[in-house]
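Everything below belongs to start_34.pdb, which stores PDB, C-alpha atoms, pLDDT in the B column.
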```pdb
MODEL        1
ATOM      1  CA  MET A 572     108.941  32.690 145.061  1.00 38.00           C
ATOM      2  CA  THR A 573     105.947  30.630 143.989  1.00 38.00           C
ATOM      3  CA  SER A 574     105.030  30.180 140.330  1.00 40.00           C
ATOM      4  CA  VAL A 575     102.174  28.433 138.568  1.00 43.00           C
ATOM      5  CA  GLY A 576     101.659  28.018 134.838  1.00 42.00           C
ATOM      6  CA  CYS A 577      98.681  26.897 132.831  1.00 42.00           C
ATOM      7  CA  GLY A 578      97.062  27.379 129.431  1.00 40.00           C
ATOM      8  CA  SER A 579      99.425  26.231 126.714  1.00 39.00           C
ATOM      9  CA  SER A 580     100.956  23.691 129.080  1.00 39.00           C
ATOM     10  CA  GLY A 581      97.611  21.919 129.498  1.00 41.00           C
ATOM     11  CA  HIS A 582      98.174  21.260 133.197  1.00 41.00           C
ATOM     12  CA  PRO A 583      98.826  23.676 136.110  1.00 47.00           C
ATOM     13  CA  GLY A 584     101.643  21.493 137.382  1.00 53.00           C
ATOM     14  CA  SER A 585     103.443  21.369 134.017  1.00 72.00           C
ATOM     15  CA  PRO A 586     104.046  24.910 132.736  1.00 81.00           C
ATOM     16  CA  SER A 587     105.158  25.298 129.136  1.00 86.00           C
ATOM     17  CA  ALA A 588     108.607  26.558 128.119  1.00 90.00           C
ATOM     18  CA  ALA A 589     107.133  30.004 127.427  1.00 91.00           C
ATOM     19  CA  GLU A 590     105.453  30.106 130.834  1.00 90.00           C
ATOM     20  CA  ARG A 591     108.663  29.072 132.614  1.00 91.00           C
ATOM     21  CA  TYR A 592     110.604  31.710 130.672  1.00 93.00           C
ATOM     22  CA  VAL A 593     108.168  34.542 131.465  1.00 92.00           C
ATOM     23  CA  THR A 594     107.931  33.497 135.124  1.00 90.00           C
ATOM     24  CA  GLY A 595     111.714  33.769 135.426  1.00 90.00           C
ATOM     25  CA  ARG A 596     111.841  37.152 133.696  1.00 90.00           C
ATOM     26  CA  ILE A 597     109.071  38.599 135.863  1.00 87.00           C
ATOM     27  CA  ALA A 598     110.846  37.299 138.977  1.00 85.00           C
ATOM     28  CA  GLN A 599     113.931  39.233 137.829  1.00 83.00           C
ATOM     29  CA  GLU A 600     111.873  42.389 137.273  1.00 79.00           C
ATOM     30  CA  LEU A 601     110.353  42.126 140.756  1.00 78.00           C
ATOM     31  CA  ARG A 602     113.810  42.503 142.256  1.00 75.00           C
ATOM     32  CA  THR A 603     114.050  45.996 140.756  1.00 71.00           C
ATOM     33  CA  ALA A 604     110.351  46.929 140.996  1.00 67.00           C
ATOM     34  CA  GLY A 605     109.218  50.072 142.765  1.00 62.00           C
ATOM     35  CA  PRO A 606     108.888  50.175 146.574  1.00 63.00           C
ATOM     36  CA  LEU A 607     105.085  49.954 146.528  1.00 58.00           C
ATOM     37  CA  VAL A 608     105.092  46.729 144.514  1.00 62.00           C
ATOM     38  CA  ARG A 609     107.766  45.178 146.722  1.00 60.00           C
ATOM     39  CA  ARG A 610     105.996  46.259 149.899  1.00 61.00           C
ATOM     40  CA  PHE A 611     102.599  44.890 148.887  1.00 60.00           C
ATOM     41  CA  ALA A 612     104.043  41.719 147.345  1.00 59.00           C
ATOM     42  CA  SER A 613     105.935  40.836 150.540  1.00 59.00           C
ATOM     43  CA  ALA A 614     108.964  38.551 150.475  1.00 57.00           C
ATOM     44  CA  ARG A 615     107.344  35.683 148.569  1.00 66.00           C
ATOM     45  CA  PRO A 616     104.854  36.873 145.935  1.00 74.00           C
ATOM     46  CA  ASP A 617     103.010  34.423 143.693  1.00 79.00           C
ATOM     47  CA  ILE A 618     103.604  34.632 139.935  1.00 84.00           C
ATOM     48  CA  PHE A 619     100.962  33.167 137.646  1.00 82.00           C
ATOM     49  CA  VAL A 620     101.676  33.023 133.903  1.00 86.00           C
ATOM     50  CA  TYR A 621      99.200  32.058 131.194  1.00 85.00           C
ATOM     51  CA  CYS A 622     100.489  31.619 127.631  1.00 88.00           C
ATOM     52  CA  ARG A 623      98.538  31.008 124.454  1.00 85.00           C
ATOM     53  CA  LEU A 624     100.467  29.489 121.542  1.00 82.00           C
ATOM     54  CA  GLY A 625      99.793  31.120 118.168  1.00 81.00           C
ATOM     55  CA  ALA A 626     101.054  30.804 114.599  1.00 84.00           C
ATOM     56  CA  GLY A 627     104.771  30.570 113.875  1.00 86.00           C
ATOM     57  CA  GLY A 628     105.662  29.412 117.366  1.00 89.00           C
ATOM     58  CA  ILE A 629     104.705  32.779 118.922  1.00 92.00           C
ATOM     59  CA  SER A 630     103.250  32.617 122.431  1.00 91.00           C
ATOM     60  CA  LEU A 631     101.369  35.579 123.867  1.00 91.00           C
ATOM     61  CA  CYS A 632     101.623  35.497 127.645  1.00 91.00           C
ATOM     62  CA  GLN A 633      99.947  37.279 130.542  1.00 86.00           C
ATOM     63  CA  GLY A 634     101.838  37.380 133.819  1.00 85.00           C
ATOM     64  CA  THR A 635     100.129  38.219 137.105  1.00 82.00           C
ATOM     65  CA  ILE A 636     101.834  38.969 140.439  1.00 80.00           C
ATOM     66  CA  SER A 637      99.827  38.351 143.621  1.00 76.00           C
ATOM     67  CA  SER A 638     100.512  38.702 147.323  1.00 69.00           C
ATOM     68  CA  SER A 639     101.019  35.281 148.900  1.00 68.00           C
ATOM     69  CA  SER A 640      99.467  36.529 152.152  1.00 64.00           C
ATOM     70  CA  THR A 641      96.378  38.409 150.885  1.00 59.00           C
ATOM     71  CA  HIS A 642      96.097  36.747 147.425  1.00 62.00           C
ATOM     72  CA  GLN A 643      95.301  40.142 145.917  1.00 65.00           C
ATOM     73  CA  VAL A 644      96.551  40.794 142.382  1.00 72.00           C
ATOM     74  CA  LEU A 645      99.205  43.522 142.490  1.00 75.00           C
ATOM     75  CA  ALA A 646     100.585  43.858 138.978  1.00 79.00           C
ATOM     76  CA  ASN A 647     100.404  42.458 135.445  1.00 82.00           C
ATOM     77  CA  GLN A 648     102.760  42.244 132.505  1.00 86.00           C
ATOM     78  CA  ARG A 649     102.247  40.943 128.963  1.00 89.00           C
ATOM     79  CA  TRP A 650     104.952  39.092 127.028  1.00 91.00           C
ATOM     80  CA  ARG A 651     105.632  37.811 123.510  1.00 92.00           C
ATOM     81  CA  VAL A 652     107.778  34.662 123.338  1.00 94.00           C
ATOM     82  CA  HIS A 653     109.106  32.883 120.234  1.00 94.00           C
ATOM     83  CA  ILE A 654     109.295  29.090 120.660  1.00 91.00           C
ATOM     84  CA  ALA A 655     111.345  26.833 118.344  1.00 91.00           C
ATOM     85  CA  PRO A 656     109.862  23.549 116.995  1.00 88.00           C
ATOM     86  CA  SER A 657     112.143  21.787 119.487  1.00 88.00           C
ATOM     87  CA  GLY A 658     110.367  23.571 122.325  1.00 86.00           C
ATOM     88  CA  ASP A 659     113.289  25.861 123.190  1.00 90.00           C
ATOM     89  CA  VAL A 660     112.787  29.584 123.738  1.00 93.00           C
ATOM     90  CA  LEU A 661     114.343  31.591 120.890  1.00 93.00           C
ATOM     91  CA  SER A 662     113.483  35.068 122.162  1.00 93.00           C
ATOM     92  CA  GLY A 663     111.103  36.951 124.403  1.00 93.00           C
ATOM     93  CA  ARG A 664     110.162  40.550 125.056  1.00 91.00           C
ATOM     94  CA  ALA A 665     107.785  42.366 127.377  1.00 90.00           C
ATOM     95  CA  LEU A 666     104.890  44.107 125.638  1.00 90.00           C
ATOM     96  CA  ASP A 667     104.558  46.310 128.739  1.00 83.00           C
ATOM     97  CA  THR A 668     107.772  48.171 129.447  1.00 75.00           C
ATOM     98  CA  ARG A 669     107.196  47.823 133.205  1.00 76.00           C
ATOM     99  CA  LEU A 670     105.055  45.893 135.653  1.00 76.00           C
ATOM    100  CA  VAL A 671     101.563  47.424 135.433  1.00 73.00           C
ATOM    101  CA  PRO A 672      99.962  47.949 138.886  1.00 70.00           C
ATOM    102  CA  ALA A 673      96.550  46.291 139.259  1.00 71.00           C
ATOM    103  CA  GLY A 674      93.628  46.333 141.676  1.00 61.00           C
ATOM    104  CA  PRO A 675      94.194  47.965 145.089  1.00 55.00           C
ATOM    105  CA  LEU A 676      97.855  48.623 144.291  1.00 56.00           C
ATOM    106  CA  ALA A 677      96.886  50.540 141.144  1.00 56.00           C
ATOM    107  CA  GLU A 678      94.627  52.803 143.197  1.00 58.00           C
ATOM    108  CA  ARG A 679      97.416  53.428 145.712  1.00 57.00           C
ATOM    109  CA  VAL A 680      99.931  54.207 142.962  1.00 56.00           C
ATOM    110  CA  VAL A 681      97.577  56.663 141.248  1.00 56.00           C
ATOM    111  CA  ALA A 682      96.666  58.386 144.510  1.00 59.00           C
ATOM    112  CA  LEU A 683     100.312  58.619 145.607  1.00 58.00           C
ATOM    113  CA  ARG A 684     101.391  60.166 142.295  1.00 56.00           C
ATOM    114  CA  ALA A 685      98.543  62.662 142.478  1.00 59.00           C
ATOM    115  CA  ARG A 686      99.476  63.739 146.029  1.00 62.00           C
ATOM    116  CA  GLN A 687     103.168  64.070 145.158  1.00 61.00           C
ATOM    117  CA  HIS A 688     102.485  66.045 141.980  1.00 64.00           C
ATOM    118  CA  PRO A 689      99.106  67.826 142.318  1.00 67.00           C
ATOM    119  CA  ASP A 690      99.516  69.679 139.017  1.00 68.00           C
ATOM    120  CA  SER A 691     100.615  66.634 137.018  1.00 64.00           C
ATOM    121  CA  ALA A 692      98.689  64.907 134.249  1.00 62.00           C
ATOM    122  CA  THR A 693      98.044  62.004 136.640  1.00 53.00           C
ATOM    123  CA  ALA A 694      96.458  64.290 139.232  1.00 57.00           C
ATOM    124  CA  ARG A 695      94.312  65.977 136.581  1.00 60.00           C
ATOM    125  CA  ALA A 696      93.308  62.579 135.200  1.00 58.00           C
ATOM    126  CA  LEU A 697      92.322  61.410 138.687  1.00 56.00           C
ATOM    127  CA  ARG A 698      89.846  64.260 138.882  1.00 62.00           C
ATOM    128  CA  ARG A 699      88.220  63.077 135.643  1.00 75.00           C
ATOM    129  CA  PRO A 700      86.252  59.811 135.472  1.00 86.00           C
ATOM    130  CA  ALA A 701      87.230  56.881 133.286  1.00 89.00           C
ATOM    131  CA  THR A 702      84.730  56.119 130.528  1.00 93.00           C
ATOM    132  CA  LEU A 703      83.642  52.843 128.960  1.00 95.00           C
ATOM    133  CA  SER A 704      81.350  52.265 125.987  1.00 95.00           C
ATOM    134  CA  LEU A 705      80.120  48.812 124.914  1.00 95.00           C
ATOM    135  CA  GLU A 706      78.385  48.423 121.546  1.00 95.00           C
ATOM    136  CA  GLY A 707      76.678  45.144 120.656  1.00 93.00           C
ATOM    137  CA  ALA A 708      77.874  43.202 117.612  1.00 90.00           C
ATOM    138  CA  LYS A 709      75.674  42.716 114.585  1.00 89.00           C
ATOM    139  CA  PRO A 710      74.511  39.202 113.618  1.00 89.00           C
ATOM    140  CA  PRO A 711      75.762  36.594 112.903  1.00 90.00           C
ATOM    141  CA  LEU A 712      78.093  37.344 115.848  1.00 91.00           C
ATOM    142  CA  ASP A 713      76.781  36.271 119.241  1.00 93.00           C
ATOM    143  CA  PRO A 714      75.637  38.823 121.844  1.00 94.00           C
ATOM    144  CA  THR A 715      78.083  39.697 124.621  1.00 94.00           C
ATOM    145  CA  TYR A 716      77.567  39.340 128.364  1.00 95.00           C
ATOM    146  CA  ALA A 717      79.098  42.224 130.320  1.00 96.00           C
ATOM    147  CA  CYS A 718      79.290  43.360 133.913  1.00 96.00           C
ATOM    148  CA  VAL A 719      80.805  46.673 135.021  1.00 96.00           C
ATOM    149  CA  ASP A 720      81.255  47.941 138.564  1.00 95.00           C
ATOM    150  CA  ASN A 721      82.838  51.001 140.189  1.00 91.00           C
ATOM    151  CA  GLY A 722      85.895  49.152 141.478  1.00 87.00           C
ATOM    152  CA  HIS A 723      84.323  48.632 144.902  1.00 86.00           C
ATOM    153  CA  GLY A 724      81.552  46.156 144.086  1.00 88.00           C
ATOM    154  CA  LYS A 725      78.747  48.544 143.121  1.00 92.00           C
ATOM    155  CA  VAL A 726      77.419  47.197 139.808  1.00 95.00           C
ATOM    156  CA  LEU A 727      76.877  49.916 137.217  1.00 95.00           C
ATOM    157  CA  PHE A 728      75.719  47.566 134.469  1.00 96.00           C
ATOM    158  CA  GLN A 729      75.056  43.857 134.101  1.00 95.00           C
ATOM    159  CA  GLY A 730      73.414  42.223 131.112  1.00 95.00           C
ATOM    160  CA  VAL A 731      73.684  40.976 127.540  1.00 94.00           C
ATOM    161  CA  ILE A 732      74.569  43.431 124.795  1.00 94.00           C
ATOM    162  CA  SER A 733      73.476  42.866 121.220  1.00 92.00           C
ATOM    163  CA  ALA A 734      73.075  45.188 118.247  1.00 89.00           C
ATOM    164  CA  PRO A 735      71.922  47.945 118.242  1.00 88.00           C
ATOM    165  CA  ARG A 736      72.378  48.358 122.006  1.00 91.00           C
ATOM    166  CA  VAL A 737      75.084  50.691 123.344  1.00 93.00           C
ATOM    167  CA  VAL A 738      75.991  50.888 127.044  1.00 94.00           C
ATOM    168  CA  ARG A 739      78.012  53.789 128.452  1.00 94.00           C
ATOM    169  CA  VAL A 740      79.350  54.034 132.000  1.00 95.00           C
ATOM    170  CA  ARG A 741      81.764  56.340 133.809  1.00 92.00           C
ATOM    171  CA  ALA A 742      83.446  56.370 137.211  1.00 91.00           C
ATOM    172  CA  ARG A 743      86.873  57.066 138.682  1.00 86.00           C
ATOM    173  CA  HIS A 744      87.611  53.325 138.532  1.00 89.00           C
ATOM    174  CA  LEU A 745      85.781  50.783 136.355  1.00 93.00           C
ATOM    175  CA  ARG A 746      86.108  47.010 136.404  1.00 94.00           C
ATOM    176  CA  LEU A 747      84.845  45.089 133.376  1.00 95.00           C
ATOM    177  CA  ASN A 748      83.919  41.409 133.132  1.00 95.00           C
ATOM    178  CA  LEU A 749      83.340  40.538 129.463  1.00 95.00           C
ATOM    179  CA  GLY A 750      81.989  37.216 128.195  1.00 94.00           C
ATOM    180  CA  ASN A 751      83.347  37.401 124.642  1.00 93.00           C
ATOM    181  CA  ALA A 752      85.212  39.739 122.318  1.00 90.00           C
ATOM    182  CA  ASN A 753      82.329  40.388 119.903  1.00 92.00           C
ATOM    183  CA  ALA A 754      81.330  43.784 121.276  1.00 93.00           C
ATOM    184  CA  THR A 755      83.062  46.995 120.216  1.00 93.00           C
ATOM    185  CA  ILE A 756      84.828  48.425 123.276  1.00 94.00           C
ATOM    186  CA  HIS A 757      85.765  52.086 123.711  1.00 95.00           C
ATOM    187  CA  VAL A 758      87.944  52.849 126.745  1.00 93.00           C
ATOM    188  CA  ASN A 759      88.454  56.529 127.569  1.00 91.00           C
ATOM    189  CA  GLY A 760      87.308  57.409 124.058  1.00 90.00           C
ATOM    190  CA  LYS A 761      89.568  54.976 122.174  1.00 90.00           C
ATOM    191  CA  ILE A 762      88.832  51.540 120.730  1.00 91.00           C
ATOM    192  CA  PHE A 763      90.273  48.745 122.885  1.00 90.00           C
ATOM    193  CA  ARG A 764      90.955  45.418 121.183  1.00 87.00           C
ATOM    194  CA  ILE A 765      90.001  42.482 123.404  1.00 87.00           C
ATOM    195  CA  PRO A 766      92.567  39.692 122.781  1.00 81.00           C
ATOM    196  CA  ALA A 767      90.696  36.754 124.331  1.00 83.00           C
ATOM    197  CA  SER A 768      87.332  35.507 125.570  1.00 88.00           C
ATOM    198  CA  PRO A 769      86.324  35.855 128.356  1.00 91.00           C
ATOM    199  CA  TYR A 770      88.304  38.889 129.501  1.00 92.00           C
ATOM    200  CA  GLY A 771      88.545  41.455 132.287  1.00 92.00           C
ATOM    201  CA  LEU A 772      89.793  45.036 132.495  1.00 92.00           C
ATOM    202  CA  SER A 773      90.638  47.443 135.281  1.00 90.00           C
ATOM    203  CA  ILE A 774      90.139  50.966 133.913  1.00 90.00           C
ATOM    204  CA  PHE A 775      91.359  54.287 135.230  1.00 86.00           C
ATOM    205  CA  ARG A 776      91.527  57.532 133.304  1.00 81.00           C
ATOM    206  CA  ASP A 777      95.302  57.337 132.924  1.00 74.00           C
ATOM    207  CA  HIS A 778      95.856  53.594 132.516  1.00 77.00           C
ATOM    208  CA  VAL A 779      94.172  50.285 131.717  1.00 85.00           C
ATOM    209  CA  ALA A 780      95.274  46.858 132.985  1.00 83.00           C
ATOM    210  CA  TYR A 781      94.245  43.237 132.535  1.00 86.00           C
ATOM    211  CA  LEU A 782      91.934  42.025 135.315  1.00 87.00           C
ATOM    212  CA  PRO A 783      92.317  38.341 136.294  1.00 86.00           C
ATOM    213  CA  ASN A 784      89.214  36.196 136.653  1.00 85.00           C
ATOM    214  CA  GLY A 785      89.246  36.204 140.453  1.00 83.00           C
ATOM    215  CA  ASN A 786      88.998  40.017 140.560  1.00 86.00           C
ATOM    216  CA  ARG A 787      86.249  40.512 137.981  1.00 92.00           C
ATOM    217  CA  PRO A 788      82.814  41.776 139.024  1.00 94.00           C
ATOM    218  CA  CYS A 789      79.594  39.720 139.021  1.00 91.00           C
ATOM    219  CA  ARG A 790      81.324  36.375 139.500  1.00 78.00           C
ATOM    220  CA  GLN A 791      78.925  33.611 140.548  1.00 58.00           C
TER     221      GLN A 791
ENDMDL
END
```
Go ahead and express the file in the form of structure tokens.
Amino acid sequence: MTSVGCGSSGHPGSPSAAERYVTGRIAQELRTAGPLVRRFASARPDIFVYCRLGAGGISLCQGTISSSSTHQVLANQRWRVHIAPSGDVLSGRALDTRLVPAGPLAERVVALRARQHPDSATARALRRPATLSLEGAKPPLDPTYACVDNGHGKVLFQGVISAPRVVRVRARHLRLNLGNANATIHVNGKIFRIPASPYGLSIFRDHVAYLPNGNRPCRQ
């Protein structure tokens, strides 16, 4: 099992206490993950954890599981970790109750569920496109760069959004690359709060997952 931490630690080779804690917990969860995750992850998946330290010693962490052979992101999981002034971990809990499939694995999971249960909510959702609406922020907030593709590299929108501009896109799978959190984001009809800048999202009709930088569209 390979693990890398960065962010609050300040150096990729020196992960913080929160990053070490979350890496260990995700490694435990992988042992009981579903067969698709285990199959795609192979015997030695890579775990990357990024933690951002906030007020009161609370770290918000994003864990990403990748295949060591293909380097494709397979799943994500968010965590909240309480760190004591001494640097020890006091407590931690997953904000996602399970590992959230991402990228190609997410598409396989959705398709498999739809085939197994053709009358299920997942199958019905698969027949409906995901929707995304981006509304530019009013001054004095800065405009927002955004790029959206159809999950397979076809760019549906790329540009800078400022008030009063509104961009709406729809497809079975949407990938969003967002420069900052100033824009108002509606995902499948509901407001989505962007926790950091820049940020990426993988959007299906029935679920939304964090999209790591390496998988975001329109990267230079």
Every residue with an atom at most 6 Å from (86.8, 45.4, 131.1) (file coordinates; all atoms listed in the file) is what I'm after, so could you write them as a ChimeraX atom specification? /A:746-748,771-772
Export of the given selection (C-alpha atoms) as a PDB file, keeping the file's coordinate frame:
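Result written to again39.pdb:
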```pdb
ATOM      1  CA  ARG A 746      86.108  47.010 136.404  1.00 94.00           C
ATOM      2  CA  LEU A 747      84.845  45.089 133.376  1.00 95.00           C
ATOM      3  CA  ASN A 748      83.919  41.409 133.132  1.00 95.00           C
ATOM      4  CA  GLY A 771      88.545  41.455 132.287  1.00 92.00           C
ATOM      5  CA  LEU A 772      89.793  45.036 132.495  1.00 92.00           C
TER       6      LEU A 772
END
```
Length of the CA of Ile732 in chain A to CA of Cys718 in chain A vector [Å]: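 That distance, rounded to one decimal, is 10.3 Å.
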Given the file shown, determine the residues that the PyMOL selection byres ((chain A and resi 726) around 12) selects; report them as a list in words.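 Taken over the shown coordinates, the PyMOL selection byres ((chain A and resi 726) around 12) returns Ala717, Cys718, Val719, Asp720, Asn721, Gly722, His723, Gly724, Lys725, Leu727, Phe728, Gln729, Gly730, Val740, Arg741, Ala742, His744, Leu745, Arg746, Leu747, Asn748, Arg787, Pro788, Cys789 and Arg790 of chain A.
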What residues come out when you apply the PyMOL selection byres ((chain A and resi 649) around 8) to this file, written as a list in words?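 Those residues are Leu631, Cys632, Gln633, Gly634, Asn647, Gln648, Trp650, Arg651, Ala665, Leu666 and Asp667 of chain A.
A straight line drawn from CA of Gly625 in chain A to CA of Ser587 in chain A is 13.5 Å long.
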Identify which of the residues A:Lys709, A:Arg699, A:Arg764, A:Arg602 lies closest to Pro735 in chain A, counting all atoms listed in the file when measuring atom-to-atom distances. A:Lys709
What is the CA of Leu661 in chain A-CA of Val593 in chain A distance in Å, reported with one decimal? 12.6 Å
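The shortest atom-to-atom distance to Val660 in chain A, with all atoms listed in the file taken into account, belongs to A:Ala589 out of A:Ile618, A:Ala589, A:Ala673, A:Ala646.
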When you count only C-alpha atoms, which of these residues is closest to Gly750 in chain A: A:Ala588, A:Ala767, A:Val652, A:Ala780?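 Closest residue, counting only C-alpha atoms: A:Ala767.
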Need to verify the contact set: range 594-597 of chain A, 7 Å, only C-alpha atoms, exclusion of same-chain residues closer than 3 positions in sequence. Can you return it as a PyMOL selection string? chain A and resi 574+590-591+600-601+618+620
Using only C-alpha atoms, which protein or nucleic acid residues come within 6 Å of Leu703 in chain A? Drop anything in the same chain fewer than 5 positions from it, and give the result as a PyMOL selection string. chain A and resi 739-740+757-758
Give the answer as one residue: which of A:Asn751, A:Gly785, A:Pro710, A:Ala701 has the shortest atom-to-atom distance to Thr635 in chain A, using only C-alpha atoms?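 Ranked by minimum distance to Thr635 in chain A, first place goes to A:Gly785.
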Best match for closeness to Pro711 in chain A among A:Val737, A:Asn753, A:His778, A:Gly628, counting all atoms listed in the file: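 So, comparing all the options, the nearest one is A:Asn753.
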